[in-house]
Structures are given as C-alpha cells and as structure tokens.
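One file, final.pdb, carrying PDB, C-alpha atoms:
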```
ATOM      1  CA  MET A   1       0.000   0.000   0.000
ATOM      2  CA  THR A   2       0.976   3.653  -0.409
ATOM      3  CA  VAL A   3       0.464   5.998   2.519
ATOM      4  CA  ASN A   4      -0.623   9.639   2.251
ATOM      5  CA  ASN A   5       0.516  12.724   4.159
ATOM      6  CA  GLU A   6      -2.266  12.371   6.727
ATOM      7  CA  ASP A   7      -1.191   8.793   7.477
ATOM      8  CA  ILE A   8       2.433   9.917   7.856
ATOM      9  CA  LYS A   9       1.473  12.751  10.205
ATOM     10  CA  ARG A  10      -0.825  10.542  12.300
ATOM     11  CA  VAL A  11       1.709   7.806  12.984
ATOM     12  CA  LYS A  12       4.581  10.274  13.494
ATOM     13  CA  ALA A  13       2.749  11.414  16.627
ATOM     14  CA  MET A  14       2.933   7.775  17.752
ATOM     15  CA  GLY A  15       6.697   7.577  17.213
ATOM     16  CA  PHE A  16       6.853   6.257  13.629
ATOM     17  CA  LEU A  17       9.034   8.223  11.210
ATOM     18  CA  PHE A  18       8.559   7.778   7.464
ATOM     19  CA  ASN A  19      11.445   6.117   5.617
ATOM     20  CA  ARG A  20      12.246   8.282   2.590
ATOM     21  CA  GLU A  21      12.073   6.674  -0.847
ATOM     22  CA  SER A  22       9.748   3.984   0.456
ATOM     23  CA  GLU A  23       6.040   3.595  -0.168
ATOM     24  CA  ASP A  24       4.814   2.581   3.262
ATOM     25  CA  GLU A  25       7.777   1.933   5.565
ATOM     26  CA  PHE A  26       8.587   3.664   8.856
ATOM     27  CA  SER A  27      11.173   3.630  11.623
ATOM     28  CA  ALA A  28       9.603   2.828  14.970
ATOM     29  CA  ARG A  29      11.097   4.924  17.784
ATOM     30  CA  VAL A  30      11.162   2.726  20.904
ATOM     31  CA  ILE A  31      11.458   4.630  24.185
ATOM     32  CA  THR A  32      13.901   3.763  26.950
ATOM     33  CA  GLU A  33      12.999   5.275  30.314
ATOM     34  CA  ASN A  34      16.559   6.182  31.262
ATOM     35  CA  GLY A  35      18.797   4.814  28.539
ATOM     36  CA  THR A  36      18.835   1.257  29.886
ATOM     37  CA  LEU A  37      17.089  -1.913  28.713
ATOM     38  CA  THR A  38      16.661  -5.287  30.370
ATOM     39  CA  GLY A  39      17.833  -8.482  28.723
ATOM     40  CA  ASP A  40      14.207  -9.441  28.003
ATOM     41  CA  GLN A  41      13.586  -6.058  26.389
ATOM     42  CA  LEU A  42      16.676  -6.426  24.198
ATOM     43  CA  HIS A  43      15.454  -9.838  23.065
ATOM     44  CA  ASN A  44      12.020  -8.376  22.352
ATOM     45  CA  ILE A  45      13.497  -5.560  20.257
ATOM     46  CA  ALA A  46      15.745  -7.972  18.325
ATOM     47  CA  ASP A  47      12.780 -10.217  17.610
ATOM     48  CA  ALA A  48      10.686  -7.221  16.536
ATOM     49  CA  ALA A  49      13.415  -6.085  14.138
ATOM     50  CA  GLN A  50      13.419  -9.519  12.489
ATOM     51  CA  ARG A  51       9.651 -10.012  12.407
ATOM     52  CA  PHE A  52       8.451  -6.544  11.445
ATOM     53  CA  GLY A  53      11.445  -4.520  10.224
ATOM     54  CA  ASN A  54      14.530  -4.975   8.095
ATOM     55  CA  GLY A  55      16.434  -6.844  10.790
ATOM     56  CA  THR A  56      18.413  -3.890  12.167
ATOM     57  CA  ALA A  57      18.117  -1.550  15.160
ATOM     58  CA  ALA A  58      19.688   1.916  15.411
ATOM     59  CA  PHE A  59      20.397   3.742  18.680
ATOM     60  CA  THR A  60      19.682   7.462  18.533
ATOM     61  CA  ALA A  61      21.457  10.356  20.232
ATOM     62  CA  ARG A  62      18.436  10.594  22.559
ATOM     63  CA  LEU A  63      18.925   6.981  23.776
ATOM     64  CA  THR A  64      15.892   5.638  21.963
ATOM     65  CA  VAL A  65      15.994   2.629  19.632
ATOM     66  CA  GLU A  66      14.746   2.942  16.052
ATOM     67  CA  LEU A  67      13.565  -0.092  14.104
ATOM     68  CA  PRO A  68      13.510   0.787  10.386
ATOM     69  CA  GLY A  69      11.498  -0.874   7.652
ATOM     70  CA  ILE A  70       8.186  -1.223   9.526
ATOM     71  CA  SER A  71       5.266  -1.455   7.101
ATOM     72  CA  TYR A  72       2.329   0.832   7.815
ATOM     73  CA  GLY A  73      -0.029  -2.111   8.195
ATOM     74  CA  ASP A  74       2.248  -3.792  10.770
ATOM     75  CA  ILE A  75       2.320  -0.852  13.184
ATOM     76  CA  PRO A  76      -0.438  -2.141  15.534
ATOM     77  CA  ALA A  77       1.111  -5.625  15.672
ATOM     78  CA  LEU A  78       4.555  -4.170  16.404
ATOM     79  CA  GLN A  79       3.203  -2.042  19.248
ATOM     80  CA  GLU A  80       1.472  -5.080  20.734
ATOM     81  CA  HIS A  81       4.710  -7.066  20.484
ATOM     82  CA  LEU A  82       6.744  -4.334  22.207
ATOM     83  CA  ALA A  83       4.161  -3.985  24.967
ATOM     84  CA  GLN A  84       4.834  -7.595  26.001
ATOM     85  CA  ALA A  85       8.226  -6.390  27.305
ATOM     86  CA  GLY A  86       6.906  -3.129  28.755
ATOM     87  CA  LEU A  87       8.088  -1.085  25.780
ATOM     88  CA  GLU A  88       6.322   1.611  23.801
ATOM     89  CA  THR A  89       6.889   3.917  20.854
ATOM     90  CA  GLY A  90       6.793   7.722  20.934
ATOM     91  CA  GLY A  91       9.188  10.590  21.553
ATOM     92  CA  THR A  92       8.084  13.020  18.872
ATOM     93  CA  GLY A  93       6.192  16.303  18.744
ATOM     94  CA  ALA A  94       6.126  19.650  20.533
ATOM     95  CA  LYS A  95       6.134  18.297  24.071
ATOM     96  CA  VAL A  96       8.451  16.851  26.714
ATOM     97  CA  ARG A  97      10.812  14.477  24.924
ATOM     98  CA  PRO A  98      12.376  11.284  26.332
ATOM     99  CA  VAL A  99      15.019  12.079  28.945
ATOM    100  CA  VAL A 100      18.643  11.129  28.354
ATOM    101  CA  ALA A 101      21.172  10.220  31.041
ATOM    102  CA  CYS A 102      24.833   9.300  31.142
ATOM    103  CA  LYS A 103      26.103   6.216  32.993
ATOM    104  CA  GLY A 104      26.872   8.252  36.104
ATOM    105  CA  THR A 105      25.085   5.641  38.209
ATOM    106  CA  THR A 106      28.048   3.287  37.763
ATOM    107  CA  CYS A 107      30.758   5.635  36.443
ATOM    108  CA  VAL A 108      33.712   6.370  38.721
ATOM    109  CA  PHE A 109      33.216  10.088  38.060
ATOM    110  CA  GLY A 110      29.457  10.066  38.744
ATOM    111  CA  GLN A 111      28.292  12.378  41.531
ATOM    112  CA  ILE A 112      24.609  11.365  41.340
ATOM    113  CA  ASP A 113      22.486   8.332  40.428
ATOM    114  CA  THR A 114      21.733   9.540  36.911
ATOM    115  CA  GLN A 115      19.597   6.590  35.839
ATOM    116  CA  ALA A 116      17.377   6.725  38.922
ATOM    117  CA  ILE A 117      16.872  10.476  38.431
ATOM    118  CA  ALA A 118      16.122   9.966  34.740
ATOM    119  CA  LYS A 119      13.495   7.352  35.657
ATOM    120  CA  GLN A 120      11.832   9.864  37.997
ATOM    121  CA  ILE A 121      11.838  12.469  35.234
ATOM    122  CA  HIS A 122      10.443   9.944  32.754
ATOM    123  CA  ASP A 123       7.540   9.054  35.034
ATOM    124  CA  ARG A 124       6.786  12.559  36.259
ATOM    125  CA  PHE A 125       7.291  14.586  33.095
ATOM    126  CA  TYR A 126       7.558  12.460  29.942
ATOM    127  CA  LYS A 127       4.572  10.372  31.040
ATOM    128  CA  GLY A 128       2.908  12.860  33.392
ATOM    129  CA  TYR A 129       3.036  15.686  30.849
ATOM    130  CA  GLY A 130       2.609  13.392  27.857
ATOM    131  CA  ASN A 131      -0.611  15.056  26.722
ATOM    132  CA  VAL A 132       0.565  18.633  27.332
ATOM    133  CA  ALA A 133       1.303  20.568  24.148
ATOM    134  CA  LEU A 134       4.274  22.937  24.401
ATOM    135  CA  PRO A 135       5.455  25.717  22.078
ATOM    136  CA  HIS A 136       8.188  23.404  20.774
ATOM    137  CA  LYS A 137      10.009  20.221  21.777
ATOM    138  CA  PHE A 138      11.510  20.236  25.277
ATOM    139  CA  LYS A 139      14.615  18.129  25.854
ATOM    140  CA  ILE A 140      16.028  17.085  29.237
ATOM    141  CA  ALA A 141      19.425  15.566  30.038
ATOM    142  CA  VAL A 142      21.023  14.269  33.237
ATOM    143  CA  GLY A 143      24.816  14.296  33.563
ATOM    144  CA  GLY A 144      26.634  12.711  36.472
ATOM    145  CA  CYS A 145      29.555  15.122  36.570
ATOM    146  CA  PRO A 146      31.108  18.129  34.810
ATOM    147  CA  ASN A 147      32.746  15.856  32.201
ATOM    148  CA  ASN A 148      29.540  16.638  30.289
ATOM    149  CA  CYS A 149      29.330  13.330  28.409
ATOM    150  CA  MET A 150      25.564  13.656  27.942
ATOM    151  CA  LYS A 151      25.814  17.389  27.068
ATOM    152  CA  PRO A 152      23.217  18.669  29.603
ATOM    153  CA  ASP A 153      24.146  22.222  28.643
ATOM    154  CA  LEU A 154      22.961  21.571  25.080
ATOM    155  CA  ASN A 155      19.467  20.640  26.255
ATOM    156  CA  ASP A 156      16.491  22.781  27.207
ATOM    157  CA  PHE A 157      16.895  21.670  30.827
ATOM    158  CA  GLY A 158      19.996  19.974  32.173
ATOM    159  CA  LEU A 159      21.031  18.524  35.521
ATOM    160  CA  ILE A 160      24.739  18.094  36.298
ATOM    161  CA  GLY A 161      26.056  16.264  39.354
ATOM    162  CA  GLN A 162      28.061  18.500  41.681
ATOM    163  CA  THR A 163      30.118  18.164  44.849
ATOM    164  CA  LEU A 164      31.553  21.456  46.080
ATOM    165  CA  PRO A 165      34.465  21.233  48.549
ATOM    166  CA  GLN A 166      35.262  23.042  51.761
ATOM    167  CA  ILE A 167      38.610  23.179  53.554
ATOM    168  CA  ASP A 168      39.456  22.546  57.196
ATOM    169  CA  LYS A 169      42.820  24.316  57.310
ATOM    170  CA  ASP A 170      43.511  23.010  60.815
ATOM    171  CA  LYS A 171      43.764  19.511  59.317
ATOM    172  CA  CYS A 172      45.956  20.557  56.403
ATOM    173  CA  ARG A 173      49.589  19.513  56.958
ATOM    174  CA  GLY A 174      50.940  21.379  53.923
ATOM    175  CA  CYS A 175      52.379  18.179  52.449
ATOM    176  CA  LYS A 176      55.248  18.605  50.019
ATOM    177  CA  LYS A 177      53.310  16.431  47.543
ATOM    178  CA  CYS A 178      49.673  17.396  48.172
ATOM    179  CA  ALA A 179      47.155  14.680  47.207
ATOM    180  CA  VAL A 180      44.443  17.301  46.627
ATOM    181  CA  GLU A 181      46.667  19.328  44.331
ATOM    182  CA  SER A 182      47.624  16.170  42.424
ATOM    183  CA  VAL A 183      44.057  14.964  41.885
ATOM    184  CA  CYS A 184      42.547  18.309  40.801
ATOM    185  CA  LEU A 185      42.294  18.266  37.001
ATOM    186  CA  MET A 186      41.150  21.903  36.929
ATOM    187  CA  HIS A 187      44.227  23.075  38.871
ATOM    188  CA  ALA A 188      41.872  24.767  41.314
ATOM    189  CA  GLY A 189      43.494  23.175  44.362
ATOM    190  CA  ARG A 190      46.955  24.487  45.187
ATOM    191  CA  VAL A 191      49.148  24.691  48.266
ATOM    192  CA  VAL A 192      49.895  28.341  49.064
ATOM    193  CA  ASP A 193      51.991  29.342  52.068
ATOM    194  CA  GLY A 194      51.840  25.808  53.396
ATOM    195  CA  LYS A 195      48.040  25.390  53.229
ATOM    196  CA  ILE A 196      45.715  23.996  50.555
ATOM    197  CA  GLN A 197      43.491  26.524  48.790
ATOM    198  CA  ILE A 198      40.754  25.940  46.201
ATOM    199  CA  ASP A 199      40.018  28.631  43.625
ATOM    200  CA  PRO A 200      36.196  28.783  43.306
ATOM    201  CA  GLU A 201      36.519  30.310  39.839
ATOM    202  CA  ARG A 202      38.406  27.255  38.599
ATOM    203  CA  CYS A 203      36.587  24.572  40.599
ATOM    204  CA  ASN A 204      33.956  22.779  38.500
ATOM    205  CA  GLY A 205      32.449  20.712  41.326
ATOM    206  CA  CYS A 206      33.741  17.350  40.124
ATOM    207  CA  GLY A 207      34.269  16.197  43.720
ATOM    208  CA  LYS A 208      37.560  14.410  43.050
ATOM    209  CA  CYS A 209      39.315  16.339  45.814
ATOM    210  CA  VAL A 210      36.837  15.232  48.495
ATOM    211  CA  LYS A 211      38.442  12.456  50.558
ATOM    212  CA  ALA A 212      41.676  12.828  48.569
ATOM    213  CA  CYS A 213      43.469  14.361  51.533
ATOM    214  CA  TYR A 214      44.975  11.713  53.800
ATOM    215  CA  PHE A 215      44.296  13.937  56.819
ATOM    216  CA  GLY A 216      40.658  14.782  56.008
ATOM    217  CA  SER A 217      41.160  18.467  55.240
ATOM    218  CA  ILE A 218      38.573  18.430  52.396
ATOM    219  CA  SER A 219      34.885  17.629  52.851
ATOM    220  CA  PRO A 220      31.691  18.374  50.867
ATOM    221  CA  ARG A 221      30.274  21.865  51.303
ATOM    222  CA  ALA A 222      27.373  21.128  48.986
ATOM    223  CA  HIS A 223      26.277  18.021  47.084
ATOM    224  CA  GLY A 224      23.533  17.753  44.487
ATOM    225  CA  VAL A 225      22.951  19.079  40.990
ATOM    226  CA  LYS A 226      23.639  22.214  39.016
ATOM    227  CA  ILE A 227      20.757  23.343  36.811
ATOM    228  CA  VAL A 228      21.344  24.660  33.285
ATOM    229  CA  LEU A 229      18.628  26.200  31.116
ATOM    230  CA  GLY A 230      18.042  26.938  27.467
ATOM    231  CA  GLY A 231      20.715  24.938  25.689
ATOM    232  CA  ARG A 232      20.212  23.459  22.239
ATOM    233  CA  TRP A 233      22.192  21.828  19.472
ATOM    234  CA  GLY A 234      21.526  21.503  15.777
ATOM    235  CA  ARG A 235      21.379  24.302  13.222
ATOM    236  CA  GLU A 236      21.512  27.026  15.864
ATOM    237  CA  GLY A 237      23.496  25.643  18.767
ATOM    238  CA  HIS A 238      23.521  27.527  22.061
ATOM    239  CA  VAL A 239      25.126  26.678  25.411
ATOM    240  CA  ALA A 240      22.739  26.736  28.367
ATOM    241  CA  THR A 241      22.735  29.306  31.170
ATOM    242  CA  ALA A 242      23.417  27.991  34.680
ATOM    243  CA  LEU A 243      21.236  28.856  37.651
ATOM    244  CA  SER A 244      23.124  29.941  40.743
ATOM    245  CA  GLY A 245      23.603  27.425  43.518
ATOM    246  CA  VAL A 246      23.500  23.647  43.891
ATOM    247  CA  TYR A 247      20.122  21.963  44.359
ATOM    248  CA  SER A 248      18.897  18.721  45.849
ATOM    249  CA  VAL A 249      17.403  16.224  43.413
ATOM    250  CA  GLU A 250      13.927  16.866  44.831
ATOM    251  CA  ASP A 251      14.250  20.631  44.433
ATOM    252  CA  SER A 252      15.694  20.254  40.941
ATOM    253  CA  LEU A 253      12.651  18.257  39.811
ATOM    254  CA  ASP A 254      10.355  20.952  41.183
ATOM    255  CA  LEU A 255      12.395  23.502  39.227
ATOM    256  CA  LEU A 256      12.001  21.351  36.131
ATOM    257  CA  GLU A 257       8.221  21.397  36.529
ATOM    258  CA  LYS A 258       8.308  25.164  36.974
ATOM    259  CA  ALA A 259      10.438  25.475  33.826
ATOM    260  CA  ILE A 260       7.888  23.499  31.800
ATOM    261  CA  LEU A 261       5.054  25.639  33.161
ATOM    262  CA  LEU A 262       7.054  28.811  32.490
ATOM    263  CA  TYR A 263       7.573  27.688  28.905
ATOM    264  CA  ARG A 264       3.871  26.879  28.554
ATOM    265  CA  LYS A 265       2.921  30.310  29.923
ATOM    266  CA  TYR A 266       5.427  32.624  28.221
ATOM    267  CA  GLY A 267       6.693  30.724  25.176
ATOM    268  CA  TYR A 268       5.424  31.534  21.692
ATOM    269  CA  ALA A 269       4.343  28.798  19.292
ATOM    270  CA  LYS A 270       7.437  27.268  17.593
ATOM    271  CA  GLU A 271       9.798  29.213  19.880
ATOM    272  CA  ARG A 272      12.503  27.095  21.511
ATOM    273  CA  PHE A 273      12.847  27.309  25.281
ATOM    274  CA  GLY A 274      16.316  28.842  24.981
ATOM    275  CA  ASN A 275      15.012  31.636  22.761
ATOM    276  CA  MET A 276      12.337  32.369  25.366
ATOM    277  CA  VAL A 277      15.009  32.516  28.092
ATOM    278  CA  GLU A 278      17.002  34.992  26.003
ATOM    279  CA  ARG A 279      13.895  37.075  25.343
ATOM    280  CA  LEU A 280      12.806  37.240  28.985
ATOM    281  CA  GLY A 281      16.350  37.494  30.349
ATOM    282  CA  ALA A 282      18.185  34.860  32.379
ATOM    283  CA  GLN A 283      17.880  36.787  35.649
ATOM    284  CA  GLU A 284      14.121  37.203  35.232
ATOM    285  CA  VAL A 285      13.719  33.507  34.398
ATOM    286  CA  GLU A 286      15.670  32.523  37.514
ATOM    287  CA  ARG A 287      13.530  34.870  39.613
ATOM    288  CA  LEU A 288      10.329  33.310  38.267
ATOM    289  CA  LEU A 289      11.609  29.771  38.806
ATOM    290  CA  THR A 290      12.560  30.387  42.430
ATOM    291  CA  GLN A 291       9.041  31.504  43.310
ATOM    292  CA  GLU A 292       6.032  29.257  43.903
ATOM    293  CA  ASP A 293       3.605  31.186  41.686
ATOM    294  CA  LEU A 294       3.986  28.864  38.690
ATOM    295  CA  LEU A 295       3.026  25.725  40.612
ATOM    296  CA  GLY A 296       0.051  27.557  42.098
ATOM    297  CA  GLN A 297      -1.089  28.521  38.586
ATOM    298  CA  LYS A 298      -0.529  25.047  37.130
ATOM    299  CA  GLU A 299      -4.132  24.258  36.159
ATOM    300  CA  GLU A 300      -4.678  27.714  34.720
ATOM    301  CA  ILE A 301      -1.442  27.577  32.697
ATOM    302  CA  LEU A 302      -2.173  24.134  31.273
ATOM    303  CA  ALA A 303      -5.723  25.118  30.324
ATOM    304  CA  ALA A 304      -4.658  28.267  28.436
ATOM    305  CA  PRO A 305      -3.849  28.165  24.716
ATOM    306  CA  ILE A 306      -0.241  28.467  23.571
ATOM    307  CA  ARG A 307       0.650  32.081  22.853
ATOM    308  CA  THR A 308       1.199  33.338  19.329
ATOM    309  CA  ARG A 309       3.283  36.308  18.297
ATOM    310  CA  GLY A 310       1.660  39.632  17.545
TER     311      GLY A 310
END
```

Take the structure from the file and write it as structure tokens.
Amino acid sequence: MTVNNEDIKRVKAMGFLFNRESEDEFSARVITENGTLTGDQLHNIADAAQRFGNGTAAFTARLTVELPGISYGDIPALQEHLAQAGLETGGTGAKVRPVVACKGTTCVFGQIDTQAIAKQIHDRFYKGYGNVALPHKFKIAVGGCPNNCMKPDLNDFGLIGQTLPQIDKDKCRGCKKCAVESVCLMHAGRVVDGKIQIDPERCNGCGKCVKACYFGSISPRAHGVKIVLGGRWGREGHVATALSGVYSVEDSLDLLEKAILLYRKYGYAKERFGNMVERLGAQEVERLLTQEDLLGQKEEILAAPIRTRG
C-alpha cells in the first residue's frame, strides 16, 4: 500500500518516522525510560526487528531505539509485540521528549544516580506531561559530573552532578606532595603558604578532591545538581545558562516542573525554550523559577492556549 501525508502525520505522533524513498515503511522509535534496557527487552526488540522490520536496530542520540522498515499495516502488531516487554513507541512532537542520562550511576566520576533520576523524570514529566502541548520540543538531560558526556548544557533543561568542597585548614599539613593538588584536574586546588586553597573560579564541582586528603582536610560543602537552562544543538546551537547554587534532586525536579510551566505560559508557538530565556532574560527567568507562583497557577497555565506572536 501507499500511505498519504495524513497517514504519515498521524503515525509520526505515535513515534513512527517515514522512511524516505519507500512507499509505506517507517522507523519505529522505541522509548527507553533512562537509557537502559533489560535483557528481556533487548530480546524483544531484536525479535521485533526480524519479524516486522529490516532486521536492524539503530540507537539514537536521545537513547531511543529505532527499528527501520516497519510497514504501515504492521504498526499495531509491532506495538502489541513491544508492549509484552513493557516497551512503547513515541518521543516526537512539541512536548516533553524522552530524557537522556549518562552512565553516572556506575561511572567512577558520577556524583549522582543519573539513571534513577532519569526514571523519575520519565515518570513525572515524559509520562505525566505526555498530553501537554508545548510551544516546541523540550529536551532534558542528566549528567553525572562536569565531564559533560551527555551534554546537559545543550538541552532545554539539564542537571549536572556537583560536589563542592570546603577546607578545614587546621587539618591541612601542607604536604610537600599534596594529594588534593595532584588529583585536581582543573588546577583549582593548590598549596599556598603551606596550606591547601581551592580557587572557586576554577573549581567545577567534580568532587575528586573530596576524601583525597589523607588527613581529612577536604569535605563536601554542597552536594547535588547544578541546573542549566536553554541549551540546544543543531542548526543554531547555544550553550545553556546555569542557575546559581547547587540543588537537591527533589528541588531540581520541582524547578524542572516550573520550567515546563514557564515555557507553557510565556513561550510563543514554535519558539525554543532557549530563545524564550534569552527574550525574557536569564535573571528574570531565575527569579520566576525560584518563586512558587507557577506551581500555584498550574491548572490555569495548562488550560490556556499556547501564545502566538503579535
């Protein structure tokens, strides 16, 4: 069969992307909740690729799995097959997109449990806001440390694991070969006049210096996540703006909900979140996000139509 533009548009909203130069074939975008799959789910996807597609599976930059070569008429059967392993298709449209997370849960550099946080975000926002139309797509990334493997600062909303150090100078022995100075990749930690010092302008919160000192002179001053807003990649890349401070995971998820509501309230149709942040001003956006007004207006904001320019 040959599909028409209405068919293509309808199934795209379900996570099926038309394969160019074909008559009726699509790539099924299979969602992972936090970038991980169980063994049973991997077997299910492999079987689906053989039974319904062209036998291959492609992993996307957003940690979803695409199965190309799915005939239009096989879409319902494929979805039923995936559901047997708790899998579903989706991840398209002007709404909250599937969250991506690095392997900070197990990585030696990870400061936070990235996969557990991503699962919370998936349940609360990808699923919970699944029927909420936004001005444009809204992408979320969770990074375990400032190494930035998952590029949180190139997403609309990013969380980056942070551990900020503090110094107990009474415990510092001024060692000739300082373990803190040796471990600091940013060269923020240096022994000056016989005592360790950490330059806050250089420190990126990686946490490597904490517990490095044999005499316990370094301990965490703050531990949690840094929030970055308004990043994007693609044709018009832009690095996100960081909010001040370090937040707990719970507070960061509340800020994420406020950011979505802020976007729904002030964003124009087809305007990216980062462009809205630039238009309103980063300081004003941070002021709005640190107040409770947005959560109190949640029902009103979600019921209102998306704003148009002019």

Practice item. Please provide the set of residues having any atom within 7 Å of Ile218 in chain A, restricted to only C-alpha atoms, with same-chain residues fewer than 6 positions apart removed, written as a VMD selection string. Key: chain A and resid 165 to 168 209 to 211

Practice item. Name the residues that the PyMOL selection byres ((chain A and resi 299-307) around 7) pulls out of this structure, and write them as a PyMOL selection string. Key: chain A and resi 135+261+264-265+267-269+297-298+308-309

Practice item. Have a look at A:Phe52, A:Phe109, A:Trp233, A:Tyr247 and name the one nearest to Lys139 in chain A; count all atoms listed in the file. Key: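 For Lys139 in chain A, the nearest of the given residues is A:Trp233.
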
Kindly list the centre and edge lengths in Å, rounded to one decimal, for the axis-aligned box that covers all listed atoms of range 255-261 of chain A plus 4 Å on each of its six sides, as JSON.
```
{"center_x": 8.7, "center_y": 23.5, "center_z": 35.5, "size_x": 15.3, "size_y": 12.3, "size_z": 15.4}
```

Check your understanding: If you measure from CA of Gly207 in chain A to CA of Gly144 in chain A, what distance in Å do you get, rounded to one decimal?
Key -> 11.1 Å

Point to revise | Given the PyMOL selection byres ((chain A and resi 152) around 12), the residues it picks as a PyMOL selection string | key: chain A and resi 62+99-102+114+139-151+153-161+225-233+238-242

**Study point:** Coordinates-based distance that separates CA of His43 in chain A from CA of Pro76 in chain A (Å, one decimal)
**Key:**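 Between CA of Pro76 in chain A and CA of His43 in chain A the gap is 19.2 Å.
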
**Study point:** Who sits within 12 Å of Leu67 in chain A, only C-alpha atoms, same chain under 2 positions skipped, as a PyMOL selection string
**Key:** chain A and resi 15-19+25-31+44-60+64-65+69-71+75+78-79+82+89

Check your understanding: the PyMOL selection byres ((chain A and resi 116) around 12) on the file shown: which residues, as number ranges by chain?
Key -> A: 33-36, 99-106, 112-115, 117-123, 142-144, 249

Practice item. Write out as a ChimeraX atom specification which residues come within 6 Å of Leu164 in chain A when counting all atoms listed in the file, dropping same-chain ones fewer than 2 positions away. Key: /A:205,220-222

Exercise for review: Would you mind listing what lies within 8 Å of Met186 in chain A as number ranges by chain, with all atoms listed in the file counted and same-chain residues fewer than 6 positions away left out?
Suggested key: A: 202-204

Check your understanding: What gap, in Å, lies between CA of Val246 in chain A and CA of Thr163 in chain A?
Key ->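 Here the two named atoms are 8.6 Å from each other.
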
Check your understanding: A:Glu271, A:Cys107, A:Ile260, A:Leu87: which is nearest Val132 in chain A, counting only C-alpha atoms?
Key ->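 Ranking A:Glu271, A:Cys107, A:Ile260, A:Leu87 by distance to Val132 in chain A, first place goes to A:Ile260.
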
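Minimum atom-to-atom distance to Gln84 in chain A, evaluated using all atoms listed in the file, belongs to A:Gln41 out of A:Glu284, A:Arg97, A:Gly224, A:Gln41.
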